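Below is model00.tsv, which holds TSV, C-alpha atoms.
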```
chain	number	residue	atom	x	y	z
U	721	MET	CA	-49.04	-16.48	9.70
U	722	ILE	CA	-52.40	-15.15	8.51
U	723	LEU	CA	-53.25	-11.49	9.02
U	724	ILE	CA	-56.98	-11.00	9.59
U	725	ILE	CA	-58.01	-7.41	8.99
U	726	ASP	CA	-60.97	-6.15	11.01
U	727	MET	CA	-63.09	-3.78	8.89
U	728	ASN	CA	-65.56	-2.81	11.60
U	729	GLU	CA	-66.34	0.70	12.75
U	730	ARG	CA	-68.24	-0.61	15.80
U	731	LYS	CA	-66.73	-2.97	18.38
U	732	LEU	CA	-69.80	-5.24	18.31
U	733	GLY	CA	-69.19	-5.93	14.62
U	734	PHE	CA	-65.90	-7.60	15.52
U	735	ASP	CA	-67.68	-10.49	17.28
U	736	GLU	CA	-69.92	-11.14	14.30
U	737	PHE	CA	-67.57	-10.64	11.36
U	738	VAL	CA	-64.04	-11.36	12.65
U	739	LEU	CA	-64.42	-14.04	15.34
U	740	PRO	CA	-66.12	-16.56	12.98
U	741	ILE	CA	-63.05	-16.30	10.69
U	742	VAL	CA	-60.75	-16.76	13.70
U	743	SER	CA	-62.68	-19.89	14.73
U	744	ILE	CA	-62.05	-21.44	11.29
U	745	ILE	CA	-58.34	-20.54	11.12
U	746	LYS	CA	-57.76	-21.50	14.79
U	747	LYS	CA	-53.97	-20.96	14.88
U	748	ASN	CA	-51.12	-18.99	13.30
U	749	TYR	CA	-53.04	-15.78	12.83
U	750	PHE	CA	-53.10	-12.23	14.16
U	751	VAL	CA	-55.84	-9.61	13.91
U	752	LYS	CA	-55.43	-5.91	13.16
U	753	HIS	CA	-57.99	-3.18	12.57
U	754	TYR	CA	-57.65	-1.78	9.04
U	755	LYS	CA	-56.64	1.62	10.41
U	756	LYS	CA	-53.80	0.03	12.39
U	757	VAL	CA	-52.15	-2.19	9.78
U	758	LYS	CA	-48.41	-1.41	9.70
U	759	LYS	CA	-45.74	-2.22	7.13
U	760	GLY	CA	-44.28	-4.79	9.54
U	761	ASP	CA	-47.63	-6.63	9.75
U	762	LEU	CA	-47.71	-6.99	5.98
U	763	GLU	CA	-44.12	-8.22	5.96
U	764	LYS	CA	-44.56	-10.84	8.66
U	765	CYS	CA	-47.81	-12.37	7.35
U	766	SER	CA	-48.02	-14.98	4.60
U	767	LYS	CA	-51.64	-14.27	3.59
U	768	VAL	CA	-54.34	-11.72	4.38
U	769	ILE	CA	-58.06	-12.11	4.99
U	770	ILE	CA	-60.11	-8.89	5.09
U	771	SER	CA	-63.37	-9.20	7.05
U	772	GLY	CA	-66.91	-8.06	6.37
U	773	THR	CA	-68.99	-5.55	8.34
U	774	PRO	CA	-72.62	-5.07	9.40
U	775	LEU	CA	-74.96	-4.00	6.59
U	776	LYS	CA	-74.93	-0.37	7.69
U	777	ASP	CA	-71.18	-0.12	8.27
U	778	LEU	CA	-69.74	1.59	5.21
U	779	ASP	CA	-67.19	3.65	7.14
U	780	TYR	CA	-64.26	2.03	5.32
U	781	VAL	CA	-65.46	3.58	2.04
U	782	ASN	CA	-64.48	6.97	3.47
U	783	HIS	CA	-61.02	5.73	4.44
U	784	LEU	CA	-59.73	4.00	1.32
U	785	ASP	CA	-56.26	5.48	1.79
U	786	TYR	CA	-55.73	2.81	4.49
U	787	PHE	CA	-55.96	0.14	1.77
U	788	GLU	CA	-53.46	1.51	-0.72
U	789	TRP	CA	-50.96	-1.20	0.31
U	790	ILE	CA	-53.18	-3.79	-1.43
U	791	LYS	CA	-51.95	-2.69	-4.88
U	792	ASP	CA	-48.29	-3.32	-3.98
U	793	PHE	CA	-48.90	-6.50	-2.00
U	794	ASP	CA	-47.98	-9.72	-3.78
U	795	LYS	CA	-49.02	-12.33	-1.22
U	796	PRO	CA	-52.53	-13.89	-1.37
U	797	ILE	CA	-55.46	-11.79	-0.16
U	798	LEU	CA	-59.08	-12.85	0.42
U	799	GLY	CA	-61.52	-9.98	0.89
U	800	ILE	CA	-64.92	-10.92	2.29
U	801	CYS	CA	-67.89	-8.63	1.53
U	802	ALA	CA	-66.63	-5.21	2.73
U	803	GLY	CA	-63.14	-6.65	2.23
U	804	MET	CA	-63.93	-7.43	-1.40
U	805	GLN	CA	-65.37	-3.96	-1.88
U	806	ALA	CA	-62.27	-2.30	-0.41
U	807	ILE	CA	-60.04	-4.35	-2.77
U	808	GLY	CA	-62.14	-3.35	-5.77
U	809	LEU	CA	-62.30	0.31	-4.79
U	810	VAL	CA	-58.51	0.73	-4.38
U	811	TYR	CA	-58.08	-0.71	-7.88
U	812	GLY	CA	-60.57	1.79	-9.26
U	813	CYS	CA	-63.66	-0.45	-9.56
U	814	SER	CA	-66.96	1.27	-8.90
U	815	LEU	CA	-69.45	0.46	-6.17
U	816	VAL	CA	-72.98	-0.29	-7.39
U	817	LYS	CA	-76.19	-0.73	-5.40
U	818	CYS	CA	-76.91	-4.44	-5.09
U	819	LYS	CA	-78.67	-5.60	-1.95
U	820	GLU	CA	-78.90	-9.23	-0.83
U	821	ILE	CA	-79.74	-10.53	2.64
U	822	GLY	CA	-79.78	-14.27	3.36
U	823	MET	CA	-79.08	-17.42	1.35
U	824	GLN	CA	-78.48	-17.01	-2.39
U	825	GLU	CA	-77.55	-19.37	-5.18
U	826	ILE	CA	-74.05	-18.63	-6.46
U	827	LYS	CA	-72.99	-19.78	-9.90
U	828	THR	CA	-69.29	-20.30	-10.61
U	829	LEU	CA	-68.31	-18.77	-13.95
U	830	LYS	CA	-64.60	-19.48	-13.95
U	831	GLU	CA	-62.70	-22.43	-12.57
U	832	ASN	CA	-60.65	-21.47	-9.53
U	833	LYS	CA	-59.04	-23.03	-6.46
U	834	LEU	CA	-61.59	-21.83	-3.88
U	835	PHE	CA	-64.98	-23.13	-5.12
U	836	SER	CA	-66.75	-24.72	-8.06
U	837	SER	CA	-70.19	-25.25	-9.69
U	838	LYS	CA	-73.41	-23.92	-8.12
U	839	PHE	CA	-73.72	-23.52	-4.37
U	840	GLN	CA	-75.80	-21.76	-1.72
U	841	ALA	CA	-74.12	-18.97	0.23
U	842	TYR	CA	-75.04	-16.49	2.97
U	843	THR	CA	-75.11	-12.88	1.80
U	844	LEU	CA	-75.42	-9.57	3.66
U	845	HIS	CA	-74.63	-6.48	1.62
U	846	SER	CA	-76.13	-3.31	0.13
U	847	ASN	CA	-73.50	-2.81	-2.57
U	848	ALA	CA	-71.37	-4.80	-4.96
U	849	ILE	CA	-68.32	-4.16	-7.11
U	850	LYS	CA	-68.37	-3.48	-10.83
U	851	PRO	CA	-64.95	-4.93	-11.65
U	852	THR	CA	-62.41	-3.29	-13.95
U	853	LYS	CA	-60.52	-5.28	-16.59
U	854	GLU	CA	-57.78	-6.07	-14.06
U	855	PHE	CA	-60.16	-8.59	-12.48
U	856	GLU	CA	-61.86	-11.72	-13.68
U	857	ILE	CA	-65.36	-12.52	-12.43
U	858	LEU	CA	-65.33	-15.92	-10.75
U	859	ALA	CA	-68.97	-16.12	-9.67
U	860	LYS	CA	-72.31	-14.36	-9.78
U	861	SER	CA	-75.70	-14.59	-8.10
U	862	LYS	CA	-78.86	-13.56	-9.95
U	863	LYS	CA	-78.25	-9.94	-9.00
U	864	CYS	CA	-74.61	-9.32	-8.09
U	865	VAL	CA	-70.99	-10.11	-8.93
U	866	GLU	CA	-70.18	-12.49	-6.06
U	867	ALA	CA	-66.50	-13.29	-6.53
U	868	ILE	CA	-63.54	-11.76	-8.33
U	869	LYS	CA	-59.82	-12.46	-8.75
U	870	HIS	CA	-57.07	-10.13	-9.85
U	871	LYS	CA	-55.76	-11.42	-13.19
U	872	GLN	CA	-52.09	-11.24	-12.21
U	873	LYS	CA	-52.22	-11.86	-8.46
U	874	GLU	CA	-53.72	-14.17	-5.84
U	875	THR	CA	-56.07	-11.38	-4.76
U	876	TYR	CA	-59.59	-12.71	-4.29
U	877	GLY	CA	-62.81	-11.05	-3.29
U	878	VAL	CA	-66.05	-12.80	-2.31
U	879	LEU	CA	-69.20	-10.84	-1.64
U	880	PHE	CA	-70.92	-13.68	0.23
U	881	HIS	CA	-69.80	-14.83	3.69
U	882	PRO	CA	-67.83	-18.11	3.54
U	883	GLU	CA	-67.31	-17.95	7.32
U	884	VAL	CA	-71.07	-18.59	7.72
U	885	ARG	CA	-71.67	-21.19	5.01
U	886	ASN	CA	-68.90	-22.68	2.80
U	887	LYS	CA	-66.15	-22.56	5.45
U	888	GLU	CA	-64.01	-24.76	3.18
U	889	ILE	CA	-63.41	-21.69	0.98
U	890	ILE	CA	-61.44	-20.18	3.86
U	891	THR	CA	-59.57	-23.41	4.61
U	892	LYS	CA	-58.68	-23.79	0.91
U	893	PHE	CA	-57.43	-20.20	0.86
U	894	ILE	CA	-55.17	-20.63	3.87
G	650	MET	CA	-74.91	3.96	19.75
G	651	LYS	CA	-78.27	3.43	21.45
G	652	LEU	CA	-79.21	-0.23	21.15
G	653	GLY	CA	-82.29	-2.36	21.76
G	654	VAL	CA	-81.62	-6.02	22.54
G	655	LEU	CA	-83.99	-8.80	21.45
G	656	PHE	CA	-84.48	-10.53	24.75
G	657	SER	CA	-86.12	-13.85	25.55
G	658	GLY	CA	-84.58	-14.35	28.98
G	659	GLY	CA	-82.68	-17.42	27.78
G	660	LYS	CA	-78.89	-17.75	27.87
G	661	ASP	CA	-78.15	-16.62	24.30
G	662	SER	CA	-80.08	-13.37	24.33
G	663	THR	CA	-78.85	-12.63	27.86
G	664	TYR	CA	-75.23	-13.19	26.81
G	665	ALA	CA	-75.75	-11.08	23.66
G	666	LEU	CA	-77.10	-8.37	26.01
G	667	PHE	CA	-74.03	-8.74	28.23
G	668	LYS	CA	-71.73	-8.29	25.22
G	669	ALA	CA	-73.71	-5.31	23.95
G	670	MET	CA	-73.58	-3.64	27.40
G	671	GLU	CA	-69.85	-4.28	27.53
G	672	LYS	CA	-69.15	-2.68	24.14
G	673	ASP	CA	-71.95	-0.15	23.58
G	674	LYS	CA	-75.05	1.47	25.11
G	675	VAL	CA	-78.18	-0.63	25.64
G	676	VAL	CA	-81.32	1.44	26.27
G	677	CYS	CA	-84.09	-1.16	26.16
G	678	LEU	CA	-85.00	-4.81	25.81
G	679	ILE	CA	-87.47	-6.07	23.21
G	680	SER	CA	-89.35	-9.27	23.79
G	681	ILE	CA	-91.92	-11.25	21.83
G	682	VAL	CA	-94.26	-13.65	23.62
G	683	SER	CA	-95.12	-16.37	21.12
G	684	LYS	CA	-98.18	-18.48	21.87
G	685	ASN	CA	-96.80	-21.09	19.49
G	686	LYS	CA	-94.67	-23.56	21.45
G	687	GLU	CA	-92.83	-24.44	18.25
G	688	SER	CA	-92.07	-20.88	17.15
G	689	TYR	CA	-89.37	-20.62	14.48
G	690	MET	CA	-88.15	-17.33	15.83
G	691	PHE	CA	-88.76	-17.02	19.52
G	692	HIS	CA	-87.71	-18.86	22.62
G	693	THR	CA	-90.94	-19.88	24.37
G	694	PRO	CA	-90.75	-21.40	27.90
G	695	ASN	CA	-91.08	-18.80	30.63
G	696	ILE	CA	-91.00	-15.87	28.24
G	697	ASN	CA	-93.45	-14.26	30.67
G	698	LEU	CA	-90.52	-14.06	33.05
G	699	ALA	CA	-88.85	-11.52	30.72
G	700	GLU	CA	-90.58	-8.67	32.55
G	701	MET	CA	-89.08	-9.77	35.86
G	702	GLN	CA	-85.67	-10.32	34.27
G	703	ALA	CA	-85.77	-6.83	32.72
G	704	LYS	CA	-86.52	-5.41	36.19
G	705	ALA	CA	-83.68	-7.41	37.70
G	706	ILE	CA	-81.29	-6.11	35.03
G	707	GLY	CA	-82.68	-2.58	35.29
G	708	LEU	CA	-83.70	-1.97	31.66
G	709	PRO	CA	-87.10	-1.02	30.21
G	710	LEU	CA	-88.88	-3.74	28.25
G	711	ILE	CA	-91.05	-3.54	25.14
G	712	GLN	CA	-93.13	-6.68	24.91
G	713	LYS	CA	-95.55	-7.87	22.21
G	714	THR	CA	-97.61	-11.03	21.98
G	715	THR	CA	-97.94	-13.09	18.82
G	716	LYS	CA	-99.97	-16.17	17.97
G	717	GLY	CA	-96.74	-17.47	16.51
G	718	GLU	CA	-97.78	-18.04	12.92
G	719	LYS	CA	-94.60	-18.27	10.88
G	720	GLU	CA	-94.51	-14.92	9.07
G	721	LYS	CA	-97.05	-13.02	11.23
G	722	GLU	CA	-94.78	-13.26	14.26
G	723	LEU	CA	-92.19	-11.35	12.28
G	724	LYS	CA	-94.68	-8.51	11.82
G	725	GLU	CA	-95.10	-8.34	15.60
G	726	LEU	CA	-91.33	-8.28	16.00
G	727	LYS	CA	-91.07	-5.45	13.51
G	728	LYS	CA	-93.78	-3.52	15.40
G	729	ALA	CA	-91.92	-3.99	18.67
G	730	ILE	CA	-88.60	-2.84	17.17
G	731	LYS	CA	-90.35	0.15	15.59
G	732	GLU	CA	-91.81	1.04	19.00
G	733	ALA	CA	-88.30	0.84	20.52
G	734	LYS	CA	-87.07	3.17	17.80
G	735	VAL	CA	-89.79	5.72	18.57
G	736	LYS	CA	-89.74	5.44	22.39
G	737	PHE	CA	-86.04	4.97	23.04
G	738	ASP	CA	-84.50	6.38	19.89
G	739	ILE	CA	-82.54	3.18	19.21
G	740	GLU	CA	-80.13	3.18	16.28
G	741	GLY	CA	-79.45	-0.53	16.31
G	742	VAL	CA	-80.69	-3.95	17.37
G	743	VAL	CA	-78.73	-6.78	18.98
G	744	ALA	CA	-79.81	-10.41	18.67
G	745	GLY	CA	-78.51	-13.64	20.17
G	746	ALA	CA	-78.49	-15.73	16.98
G	747	VAL	CA	-75.71	-18.33	17.05
G	748	GLU	CA	-76.27	-20.71	14.14
G	749	SER	CA	-79.70	-20.01	12.68
G	750	VAL	CA	-79.39	-18.34	9.28
G	751	TYR	CA	-83.22	-18.25	9.16
G	752	GLN	CA	-83.42	-16.23	12.39
G	753	ALA	CA	-80.48	-13.95	11.53
G	754	THR	CA	-81.76	-13.23	8.02
G	755	ARG	CA	-85.24	-12.28	9.22
G	756	ILE	CA	-83.85	-9.90	11.85
G	757	GLN	CA	-81.40	-8.36	9.36
G	758	ILE	CA	-84.27	-7.70	6.92
G	759	ILE	CA	-86.42	-6.04	9.61
G	760	CYS	CA	-83.52	-3.83	10.76
G	761	ASP	CA	-82.73	-2.89	7.18
G	762	ASP	CA	-86.38	-1.93	6.54
G	763	LEU	CA	-86.33	0.25	9.66
G	764	GLY	CA	-82.93	1.80	8.89
G	765	LEU	CA	-81.32	0.24	11.98
G	766	TRP	CA	-77.96	-1.39	12.58
G	767	CYS	CA	-78.08	-5.09	13.40
G	768	PHE	CA	-75.54	-6.97	15.49
G	769	ASN	CA	-75.27	-10.68	16.34
G	770	PRO	CA	-72.35	-10.85	18.79
G	771	LEU	CA	-72.66	-14.63	19.32
G	772	TRP	CA	-72.77	-15.41	15.59
G	773	LYS	CA	-71.14	-18.79	14.73
G	774	LYS	CA	-69.70	-19.06	18.22
G	775	ASN	CA	-68.44	-22.49	19.20
G	776	GLN	CA	-71.17	-24.05	21.32
G	777	GLU	CA	-69.01	-25.54	24.04
G	778	GLU	CA	-67.05	-22.30	24.34
G	779	LEU	CA	-70.31	-20.35	24.66
G	780	LEU	CA	-71.51	-22.50	27.57
G	781	ARG	CA	-68.14	-22.34	29.33
G	782	GLU	CA	-67.95	-18.56	28.95
G	783	LEU	CA	-71.41	-18.20	30.49
G	784	LEU	CA	-70.26	-20.21	33.49
G	785	ALA	CA	-66.99	-18.30	33.79
G	786	LYS	CA	-68.98	-15.02	33.82
G	787	LYS	CA	-71.09	-16.48	36.64
G	788	PHE	CA	-74.50	-16.51	34.98
G	789	ASP	CA	-77.11	-18.59	36.85
G	790	ILE	CA	-78.94	-20.54	34.17
G	791	ILE	CA	-81.49	-23.32	34.44
G	792	ILE	CA	-82.78	-25.69	31.79
G	793	SER	CA	-86.40	-24.72	31.30
G	794	GLY	CA	-87.31	-26.77	28.24
G	795	ILE	CA	-86.32	-30.09	26.67
G	796	PHE	CA	-87.40	-31.03	23.18
G	797	ALA	CA	-85.28	-33.95	21.97
G	798	TYR	CA	-84.26	-37.54	22.59
G	799	PRO	CA	-82.52	-38.60	24.89
G	800	LEU	CA	-83.35	-35.67	27.19
G	801	VAL	CA	-85.83	-36.55	29.93
G	802	GLU	CA	-87.79	-34.87	32.74
G	803	SER	CA	-84.86	-34.96	35.18
G	804	TRP	CA	-83.07	-32.32	33.08
G	805	LEU	CA	-85.81	-29.78	33.72
G	806	GLY	CA	-84.99	-27.12	36.30
G	807	LYS	CA	-81.35	-28.26	36.40
G	808	LYS	CA	-78.84	-25.48	36.99
G	809	ILE	CA	-76.19	-25.40	34.30
G	810	ASN	CA	-72.79	-26.06	35.88
G	811	LYS	CA	-69.54	-27.65	34.66
G	812	ASN	CA	-70.93	-31.18	35.02
G	813	VAL	CA	-74.10	-30.35	33.09
G	814	VAL	CA	-72.00	-28.76	30.32
G	815	ASN	CA	-69.86	-31.91	30.16
G	816	GLU	CA	-72.99	-34.07	29.95
G	817	LEU	CA	-74.39	-31.88	27.15
G	818	ILE	CA	-71.12	-32.14	25.23
G	819	LYS	CA	-71.25	-35.94	25.55
G	820	LEU	CA	-74.82	-35.91	24.21
G	821	LYS	CA	-73.64	-33.82	21.29
G	822	GLU	CA	-71.00	-36.40	20.43
G	823	LYS	CA	-73.36	-39.36	20.82
G	824	TYR	CA	-76.72	-38.04	19.57
G	825	LYS	CA	-75.70	-34.97	17.55
G	826	ILE	CA	-77.94	-32.69	19.61
G	827	SER	CA	-76.72	-29.14	19.99
G	828	PRO	CA	-75.35	-28.52	23.52
G	829	THR	CA	-76.50	-24.91	23.34
G	830	GLY	CA	-79.95	-25.93	22.20
G	831	GLU	CA	-79.68	-23.88	19.03
G	832	GLY	CA	-81.78	-26.45	17.20
G	833	GLY	CA	-84.41	-26.06	19.90
G	834	GLU	CA	-83.32	-29.20	21.80
G	835	ILE	CA	-83.06	-27.33	25.09
G	836	GLU	CA	-84.27	-23.96	26.24
G	837	THR	CA	-82.87	-22.08	29.18
G	838	THR	CA	-83.81	-19.32	31.62
G	839	VAL	CA	-81.32	-16.95	33.22
G	840	LEU	CA	-81.90	-16.04	36.87
G	841	ASN	CA	-78.78	-14.07	37.72
G	842	GLY	CA	-75.54	-12.82	36.23
G	843	PRO	CA	-73.04	-9.97	36.13
G	844	ILE	CA	-75.53	-7.60	34.43
G	845	PHE	CA	-78.29	-8.33	36.97
G	846	LYS	CA	-78.75	-5.70	39.68
G	847	LYS	CA	-81.01	-8.12	41.59
G	848	LYS	CA	-81.28	-11.89	41.31
G	849	ILE	CA	-84.42	-13.91	40.69
G	850	GLU	CA	-85.51	-16.56	43.15
G	851	ILE	CA	-88.03	-19.18	42.09
G	852	ILE	CA	-90.78	-19.57	44.70
G	853	ASP	CA	-93.05	-21.95	42.84
G	854	SER	CA	-92.60	-24.05	39.72
G	855	GLU	CA	-94.11	-26.98	37.92
G	856	ILE	CA	-92.82	-29.58	35.48
G	857	GLU	CA	-94.91	-30.45	32.44
G	858	ALA	CA	-93.23	-33.31	30.61
G	859	GLU	CA	-93.95	-36.23	28.36
G	860	LYS	CA	-91.16	-38.59	27.26
G	861	HIS	CA	-88.50	-36.41	25.67
G	862	SER	CA	-90.37	-33.16	25.65
G	863	GLY	CA	-91.20	-30.88	28.54
G	864	VAL	CA	-91.04	-27.50	30.18
G	865	PHE	CA	-90.11	-26.22	33.61
G	866	VAL	CA	-92.84	-23.68	34.22
G	867	ILE	CA	-91.83	-20.92	36.60
G	868	LYS	CA	-95.04	-19.88	38.35
G	869	LYS	CA	-93.90	-17.50	41.06
G	870	THR	CA	-90.67	-15.60	41.59
G	871	LYS	CA	-89.24	-12.80	43.66
G	872	LEU	CA	-86.37	-10.38	43.23
G	873	ILE	CA	-83.61	-10.57	45.81
G	874	LYS	CA	-80.92	-8.01	46.61
G	875	LYS	CA	-77.43	-9.20	45.65
```

Can you present the structure in this file as structure tokens?
Amino acid sequence: MILIIDMNERKLGFDEFVLPIVSIIKKNYFVKHYKKVKKGDLEKCSKVIISGTPLKDLDYVNHLDYFEWIKDFDKPILGICAGMQAIGLVYGCSLVKCKEIGMQEIKTLKENKLFSSKFQAYTLHSNAIKPTKEFEILAKSKKCVEAIKHKQKETYGVLFHPEVRNKEIITKFI
Amino acid sequence: MKLGVLFSGGKDSTYALFKAMEKDKVVCLISIVSKNKESYMFHTPNINLAEMQAKAIGLPLIQKTTKGEKEKELKELKKAIKEAKVKFDIEGVVAGAVESVYQATRIQIICDDLGLWCFNPLWKKNQEELLRELLAKKFDIIISGIFAYPLVESWLGKKINKNVVNELIKLKEKYKISPTGEGGEIETTVLNGPIFKKKIEIIDSEIEAEKHSGVFVIKKTKLIKK
């Protein structure tokens, strides 16, 4: 059972950033807003995907206490855009200004099970993560760190949106 | 949040409007009339009807005309959105993009430049599901433009119902054309629906078609009480 975490402050963001993930996963999932994730949800799921948000929705940055569970969670997590930033922030990474809107070339720096080589991806973000030493950088664009993985855990973050282009990243993750 | 909805009068922007009205506060519609029939950004057949549709829905409309040159039409769109920001104090824009990364990216950039939120509530929506939802919500939609093989004149003016959706799905399987017309294969015009206070009746229309390309030109309409 996959837990999809909705990161959106506005209800309209749900349609754009959560439903496309749902349409890829199709079955065996449940969706919870990040402010409503309970211990039982984390126990019953096998993996977690954390959604993105509209460009102007940075509300989650003011509510990082809701993501503290990430540090003690040992099952696989995939954070997309805002989801990646929330993962990085709870581990003490800093947020840096790095805006990209639209298709970007992503270069894989480290072999991993989600993607490889160079590929085009859809981006929509104002900030990026400056990872701490707990993370390895899996991919970069010309401007930003585009994908990270925790060195000890199956905790991934991608800044680009695989639910828009590169859907296979999500299917490989699940 | 006060929202302006990019509105062409076709099914996607009308359904995006419906979703925005359901979840937030829409204060105006924004429409671009492109003189270029092959505009990259804007739905073209019967865009002049947008004024009537806005009246039927009961929302003010900001409309701008563009010659439809690829990047210049984006400047007109930005002007129109800016006007909506000044006149109606909008904080965000809603668009009906479904698959087009080109369209979504351009709108995101404009909104970002103007400091506005941007929402695409139909983004990546399954095409068959989109058509079936529109029917379930009782939108009256006609096909007002055809631009691909094997579509022919007889499709023009057709009301979209379950049978038409089934036919479009079959065409998708056989010819790979998009049943929602996202690749510009079909264009639609919405005449009535749950967000319409009055419905639109077509009094006079004309078909302009050649082989697999044509438009259903709506020449005269009237608003009818529901």

As a short mmCIF file (atom, residue, chain, number, x, y, z; two decimals) with C-alpha atoms, keeping the file's coordinate frame, please: the residues near region 730-745 of chain U (cut-off 7 Å, all atoms listed in the file, same-chain neighbours under 6 positions excluded).
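So result.cif came out as:
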```cif
data_model
loop_
_atom_site.label_atom_id
_atom_site.label_comp_id
_atom_site.auth_asym_id
_atom_site.auth_seq_id
_atom_site.Cartn_x
_atom_site.Cartn_y
_atom_site.Cartn_z
CA SER U 771 -63.37 -9.20 7.05
CA GLY U 772 -66.91 -8.06 6.37
CA THR U 773 -68.99 -5.55 8.34
CA PRO U 774 -72.62 -5.07 9.40
CA GLU U 883 -67.31 -17.95 7.32
CA ALA G 669 -73.71 -5.31 23.95
CA LYS G 672 -69.15 -2.68 24.14
CA PHE G 768 -75.54 -6.97 15.49
CA ASN G 769 -75.27 -10.68 16.34
CA PRO G 770 -72.35 -10.85 18.79
CA LEU G 771 -72.66 -14.63 19.32
CA TRP G 772 -72.77 -15.41 15.59
CA LYS G 773 -71.14 -18.79 14.73
CA LYS G 774 -69.70 -19.06 18.22
#
```

**OP:** Could you list, as an NGL selection string, the residues of chain G having an atom within 10 Å of chain U when counting only C-alpha atoms?
**Re:** :G and (650 or 665 or 668-673 or 741 or 743 or 747-748 or 750-755 or 757-758 or 760-761 or 764-775)

Determine, for each residue of region 797-853 of chain G having at least one atom at most 12 Å from an atom of region 705-714 of chain G, the closest pair of atoms and their separation in Å to one decimal, counting only C-alpha atoms; order by chain and ascending number, as CSV.
```
residue,atom,partner,partner_atom,distance
G:Val839,CA,G:Ala705,CA,10.8
G:Leu840,CA,G:Ala705,CA,8.9
G:Asn841,CA,G:Ala705,CA,8.3
G:Gly842,CA,G:Ile706,CA,8.9
G:Pro843,CA,G:Ile706,CA,9.2
G:Ile844,CA,G:Ile706,CA,6.0
G:Phe845,CA,G:Ile706,CA,4.2
G:Lys846,CA,G:Ile706,CA,5.3
G:Lys847,CA,G:Ala705,CA,4.8
G:Lys848,CA,G:Ala705,CA,6.2
G:Ile849,CA,G:Ala705,CA,7.2
G:Glu850,CA,G:Ala705,CA,10.8
```

Subject >> Non-local contacts of Glu866 (chain U) (7 Å; all atoms listed in the file; under 5 positions in same chain excluded) as a list in words >> reply: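 Returned residues: Ala859, Lys860, Ser861, Val878, Leu879 and Phe880 of chain U.
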
Original post:
Can you tell me, as a ChimeraX atom specification, what residues are no more than 6 Å from Val675 (chain G) when counting all atoms listed in the file, ignoring any on the same chain fewer than 6 positions away?
Top reply: /G:651-653

Same residues, C-alpha atoms, output as a JSON list (two decimals), in the frame of the given file:
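Ended up saving to again33.json:
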```json
[["chain", "number", "residue", "atom", "x", "y", "z"],
["G", 651, "LYS", "CA", -78.27, 3.43, 21.45],
["G", 652, "LEU", "CA", -79.21, -0.23, 21.15],
["G", 653, "GLY", "CA", -82.29, -2.36, 21.76]]
```

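The space separating CA of Asn748 (chain U) from CA of Ile722 (chain U) comes to 6.3 Å.
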
Original post:
Once you count only C-alpha atoms, which residues end up no further than 8 Å from (-54.8, -12.0, 6.6) in the file's frame, shown as a list in words?
Top reply: Met721, Ile722, Leu723, Ile724, Ile725, Tyr749, Phe750, Val751, Cys765, Ser766, Lys767, Val768, Ile769, Ile770, Ile797 and Leu798 of chain U
